[in-house]
Structures are given as C-alpha cells and as structure tokens.
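Here's the structure, in structure tokens; my notes come after.
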Amino acid sequence: MSLIPEKPLVISPSLAATIGLEEAVLLQALNELMCHGEPEANKGFQWLSTNWPQLQKITPFWSPEAIQRIAVSLRDKGVLLIASAPFTECKELRFAFNEQPISSNIQPPIAAQRQGTKTLTLDWRPELEVLRQLDQYNIPAEFITTQLPEFITYWTERNEPQFSWGSKFIKHMLRLWRAQQTETAKRGQQLSMSNDWTPSRDAMEILTRQAGINGNFVEDAIPEFILYWMERGDVSNTWNSRFIMHVKRQWARFTATMENDSEPRQLPADWQPSEELYEVLALANINRTFAEQLVPEFILYWRDSGQIYSSWNTKFLQHVKREWSRQQPASSQVITNGQQQRPHRSNSTRSSSLIDELSDRSWAST
C-alpha cells in the first residue's frame, strides 16, 4: 500500500520561506488548476475560475474560510489578482497570477514571484486599499501617519526587496497598534494598594534627582503612604503620581519647619511642638491628639538628660512616628522570629544630608 495515495503538491522551500507555507501551498494548487484548465486572457493576464468542489479535491485540509484568508494574503503580497466576491460567500474564486507579459504557454508563477520583488523607496506611501484595511482594525489615521517615517527609514536602510510593501506595512502597523493597546490597558488597570507596594524607579528618580529630596526621606514615607491607602481601600492606576505629590508636600513642610528650628539648645521646660510639625504629621496621617499626648513624657526625658540639639521638632517628629508605628496593625509590620518588628533599612534617615540630628532615628535608647 502506498503511503502517498494521490499526486502530491510540490512546493518550493525558498518560496514558502518568503511568502509563507500556506501561501506557497495554495499558490502551487492554483498553478496546477491553471495548467490543466482553460484560462482566459484579459488585460494582459490569464484568468481562471475555480470553485469549492475543485479546491476541496486538491486541498481537502482547508475550509472555505481558510482558502479565503490565504487567497487574500496572496493578493496583499502582490502575488495574486482576484476578481470575485469573497470565497466564503460565493464559493468561487476567479484569479490570475500577477505576472506579465503572458505567453501561449502558462509559466509557473514562482519565477515571476522572484522577479516581482522590489525595494522600498523614500517616496513610498501606502495605497488607499492598505489604508482601508487598517481602518477596519480601527487604527487611527494619526497613528499611521506618525509611524510611517520610521517604517520607510528602516526598510530603505536595509534595502531588502519585498513582494508587497503594503502587506508589510499592514503587519507592521498591527503589531505596533496592538502593543500600544496592551500598554494602554496596563496603564488603565485600577489596582488597590497592597502591603508590598513600592514606588517605581522613575518615581524615585523624579523625587531624588529632579526634586532634590533626600532618598532616605523618600523611603521613610513609603510605609505611611501604604498604610493610609490600604485603610481607605481605594483603587487607582496612578499610585506613583500620588506618591510623588505626597512626598513633595511632606518635604516642603519638613524643610520649612527645620529652617526655623536650627539653633542647638537644651529643651525648654515650656517647649511645645510647632504648628508646622503638626502639619507634617497630618500629611503622614498621624492624629494630632496622639502626638500631643506624647509631649509631657518627651519633655521629661530630655530635660533630665541635659542634652542639646539643634532641632527638637525633628526629635519629637521621630518619637511620634516611632510610637505611631508601634500601634499599627501587624499587616504593616515585619514578623521576625515570631515577633513583630518595625521594618528597618540600614543608614536610612529623614534627610541626613540636611540635618545631622536626623541620623538618629530613635528619640531615646531604652
């Protein structure tokens, strides 16, 4: 018993590599029909009509939808001419190979395909049919116009010949458009705040390099930011933008407070935190009443120590934030050896480059 029960379709490997395997198979099948049919000459081309039963015999592995798709692909590549309604509607295909001049003997189209390739020129523009097909994919004309120069520059520099630059441009635009839609969808995705959220590298660079904010100050603002928005339960696609605005507001308040509190001195018995400090705490979503309750103990400890500092507001700010952090839920803390501990980053301070006192995070050692 023969493993090949009927006459095989022979295709050219190089042609399949150039125009696609399916296209090469259909092209060879149509060439077989052309060689054994009765083509009609019209306007310099040899035309032949075939139908679904004929094509089903020679290509039983394809459906009418597949034949239409591959035939359209051959047409878009400039290989095939089609003068019939969509194959899925009429089940008839009237075609001609895009080769001239014609002769009394029908030549296999493969040689004509190779001769039909051409390189892209700088004045190339997509035809109306190409623009119509792109419009069917809802690709805006502005997007097409924007991408055209890059397409022309790239392919003129490579100087590679193609059968149909229109088909090449359609594939190029579809790839770029889908990539942009995917990126837009990602940017538009609404996400809730999570405990492991971190600002992007771009956000950090904007704050530290462009805005000149101390990197440690930025890092210390992250837990406060996460806790606040997790408690609110909001969703957003602009968490990085919100974080940038949050840190800039804190930094502005912080530096204004420090500029008015820089002379080294002992803590006065009647000392009280500045209103600016309470504003900084408010930006960190720390309750003012909570901070006020800590003032007497803070004054008592540092009056007894007799130490001098250039910024008691800074020292108190550290103390309040430390105590506030201790009272937060376990979800905002790191668990180590079964005990809750505060997240720690070595050498992290709130602006050590601005005020030396801030290098000491703890307000007192116990």
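Residues in the structure tokens are named by chain (A, B, ... in the order shown) and by number from 1 within that chain; ligands are numbered from 1 in the order shown.
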Residues within 7 Å of segment 238-247 of chain A, only C-alpha atoms, excluding chain neighbours under 2 positions, as a list in words: Pro199, Ser200, Ala203, Leu207, Val218, Ala221, Ser236, Arg249, Gln250 and Trp251 of chain A
Backbone DSSP call of alpha helix (DSSP H) for segment 53-224 of chain A, listed as a count of residues only: 96
Near Leu281 of chain A, within 9 Å and counting only C-alpha atoms, which residues show up once chain neighbours fewer than 3 positions away are dropped, as a PDB file with N, CA and C atoms, in the first residue's frame?
```
ATOM      1  N   GLN A 250       5.179  66.657  51.929  1.00  0.00           N
ATOM      2  CA  GLN A 250       5.858  66.425  53.203  1.00  0.00           C
ATOM      3  C   GLN A 250       7.211  67.116  53.254  1.00  0.00           C
ATOM      4  N   GLU A 276       3.872  73.834  62.368  1.00  0.00           N
ATOM      5  CA  GLU A 276       4.342  73.203  61.136  1.00  0.00           C
ATOM      6  C   GLU A 276       4.601  71.716  61.339  1.00  0.00           C
ATOM      7  N   LEU A 277       5.079  71.355  62.545  1.00  0.00           N
ATOM      8  CA  LEU A 277       5.326  69.943  62.813  1.00  0.00           C
ATOM      9  C   LEU A 277       4.020  69.155  62.795  1.00  0.00           C
ATOM     10  N   TYR A 278       2.978  69.747  63.354  1.00  0.00           N
ATOM     11  CA  TYR A 278       1.682  69.057  63.325  1.00  0.00           C
ATOM     12  C   TYR A 278       1.169  68.914  61.897  1.00  0.00           C
ATOM     13  N   ALA A 284       1.343  62.757  57.199  1.00  0.00           N
ATOM     14  CA  ALA A 284       1.614  61.338  57.414  1.00  0.00           C
ATOM     15  C   ALA A 284       0.410  60.629  58.017  1.00  0.00           C
ATOM     16  N   ASN A 285      -0.711  61.378  58.143  1.00  0.00           N
ATOM     17  CA  ASN A 285      -1.973  60.819  58.648  1.00  0.00           C
ATOM     18  C   ASN A 285      -1.857  60.340  60.096  1.00  0.00           C
ATOM     19  N   ILE A 286      -1.078  61.089  60.871  1.00  0.00           N
ATOM     20  CA  ILE A 286      -0.948  60.808  62.302  1.00  0.00           C
ATOM     21  C   ILE A 286      -1.800  61.815  63.069  1.00  0.00           C
ATOM     22  N   ASN A 287      -2.652  61.323  63.936  1.00  0.00           N
ATOM     23  CA  ASN A 287      -3.595  62.149  64.662  1.00  0.00           C
ATOM     24  C   ASN A 287      -2.888  63.135  65.584  1.00  0.00           C
ATOM     25  N   ARG A 288      -3.350  64.380  65.579  1.00  0.00           N
ATOM     26  CA  ARG A 288      -2.716  65.415  66.408  1.00  0.00           C
ATOM     27  C   ARG A 288      -2.873  65.100  67.892  1.00  0.00           C
ATOM     28  N   ALA A 291      -0.224  62.830  69.079  1.00  0.00           N
ATOM     29  CA  ALA A 291       1.075  63.478  69.249  1.00  0.00           C
ATOM     30  C   ALA A 291       1.112  64.331  70.513  1.00  0.00           C
ATOM     31  N   LEU A 317       9.387  64.664  66.179  1.00  0.00           N
ATOM     32  CA  LEU A 317       8.770  64.037  64.999  1.00  0.00           C
ATOM     33  C   LEU A 317       9.157  62.564  64.920  1.00  0.00           C
ATOM     34  N   VAL A 320       7.268  60.605  67.716  1.00  0.00           N
ATOM     35  CA  VAL A 320       5.846  60.391  67.426  1.00  0.00           C
ATOM     36  C   VAL A 320       5.665  59.304  66.366  1.00  0.00           C
ATOM     37  N   LYS A 321       6.462  59.374  65.326  1.00  0.00           N
ATOM     38  CA  LYS A 321       6.311  58.399  64.247  1.00  0.00           C
ATOM     39  C   LYS A 321       6.679  57.002  64.723  1.00  0.00           C
TER      40      LYS A 321
END
```
Non-local contacts of Ser274 of chain A (12 Å; only C-alpha atoms; under 2 positions in same chain excluded) as a PyMOL selection string: chain A and resi 253-254+256-258+260-261+271-272+276-281+288+291-292+295+311-314+316-317
Distance query segment 190-198 of chain A at most 7 Å, only C-alpha atoms, self and fewer than 6 positions along chain excluded, as a list of chain:residue names: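 Close residues of segment 190-198 of chain A: A:Ile226, A:Trp229, A:Met230, A:Gly233, A:Asp234, A:Val235, A:Ser236, A:Asn237, A:Ser332.
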Let's have the selection written as a compact mmCIF listing (two decimals), in the first residue's frame, with N, CA and C atoms.
```txt
# COMPACT_ATOMS: atom_id res chain seq x y z
N ILE A 226 1.54 53.65 52.26
CA ILE A 226 0.86 52.35 52.09
C ILE A 226 -0.25 52.18 53.12
N TRP A 229 -3.46 54.38 52.43
CA TRP A 229 -4.32 53.99 51.31
C TRP A 229 -4.87 52.58 51.46
N MET A 230 -4.20 51.72 52.19
CA MET A 230 -4.77 50.41 52.48
C MET A 230 -5.99 50.54 53.38
N GLY A 233 -8.87 51.80 51.28
CA GLY A 233 -9.40 50.79 50.36
C GLY A 233 -9.65 51.30 48.96
N ASP A 234 -9.03 52.42 48.57
CA ASP A 234 -9.22 52.97 47.23
C ASP A 234 -8.46 52.14 46.19
N VAL A 235 -8.89 52.26 44.94
CA VAL A 235 -8.15 51.68 43.81
C VAL A 235 -7.72 52.81 42.90
N SER A 236 -6.60 52.61 42.23
CA SER A 236 -6.06 53.67 41.36
C SER A 236 -5.09 53.08 40.37
N ASN A 237 -4.88 53.80 39.27
CA ASN A 237 -3.84 53.44 38.31
C ASN A 237 -2.73 54.49 38.30
N SER A 332 1.14 45.93 58.77
CA SER A 332 2.08 46.96 58.36
C SER A 332 3.44 46.79 58.98
```
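Here atom CA of Thr119 of chain A is placed at a distance of 23.4 Å from atom CA of Ala71 of chain A.
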Counting only C-alpha atoms, the option among A:Met173, A:Pro273, A:Lys168, A:Ser63 closest to Trp155 of chain A: A:Lys168
All strand (DSSP E) residues (DSSP, backbone) inside segment 111-305 of chain A, as a PyMOL selection string: chain A and resi 191-192+235-236+265-266
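In terms of minimum interatomic distance to Asn98 of chain A, A:Leu81 ranks closest within A:Ile222, A:Ile152, A:Leu81, A:Ala17, counting only C-alpha atoms.
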Length of the atom CA of Trp177 of chain A to atom CA of Pro64 of chain A vector [Å]: 28.8 Å
Surrounding residues of Arg132 of chain A excluding itself and chain neighbours under 4 positions, 12 Å, only C-alpha atoms, as a ChimeraX atom specification: /A:126-128,136-141,144,166,170
Could the residues in this selection be saved with C-alpha atoms as a PDB file, in the first residue's frame?
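Output (again-v6.pdb):
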```pdb
ATOM      1  CA  PRO A 126       0.573  53.210   1.491  1.00  0.00           C
ATOM      2  CA  GLU A 127      -2.161  52.792  -1.110  1.00  0.00           C
ATOM      3  CA  LEU A 128      -5.808  53.545  -0.400  1.00  0.00           C
ATOM      4  CA  GLN A 136     -11.051  48.137   9.513  1.00  0.00           C
ATOM      5  CA  TYR A 137      -8.822  47.434  12.510  1.00  0.00           C
ATOM      6  CA  ASN A 138      -9.820  50.849  13.961  1.00  0.00           C
ATOM      7  CA  ILE A 139      -6.271  52.168  13.751  1.00  0.00           C
ATOM      8  CA  PRO A 140      -6.401  55.999  13.823  1.00  0.00           C
ATOM      9  CA  ALA A 141      -5.036  57.841  10.810  1.00  0.00           C
ATOM     10  CA  ILE A 144      -0.482  55.618  10.955  1.00  0.00           C
ATOM     11  CA  GLY A 166       1.563  47.378   1.522  1.00  0.00           C
ATOM     12  CA  ILE A 170      -0.175  46.426   7.469  1.00  0.00           C
TER      13      ILE A 170
END
```
Computed interatomic separation between atom CA of Glu92 of chain A and atom CA of Ser49 of chain A (Å):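 Answer for the atom CA of Glu92 of chain A to atom CA of Ser49 of chain A separation: 7.0 Å.
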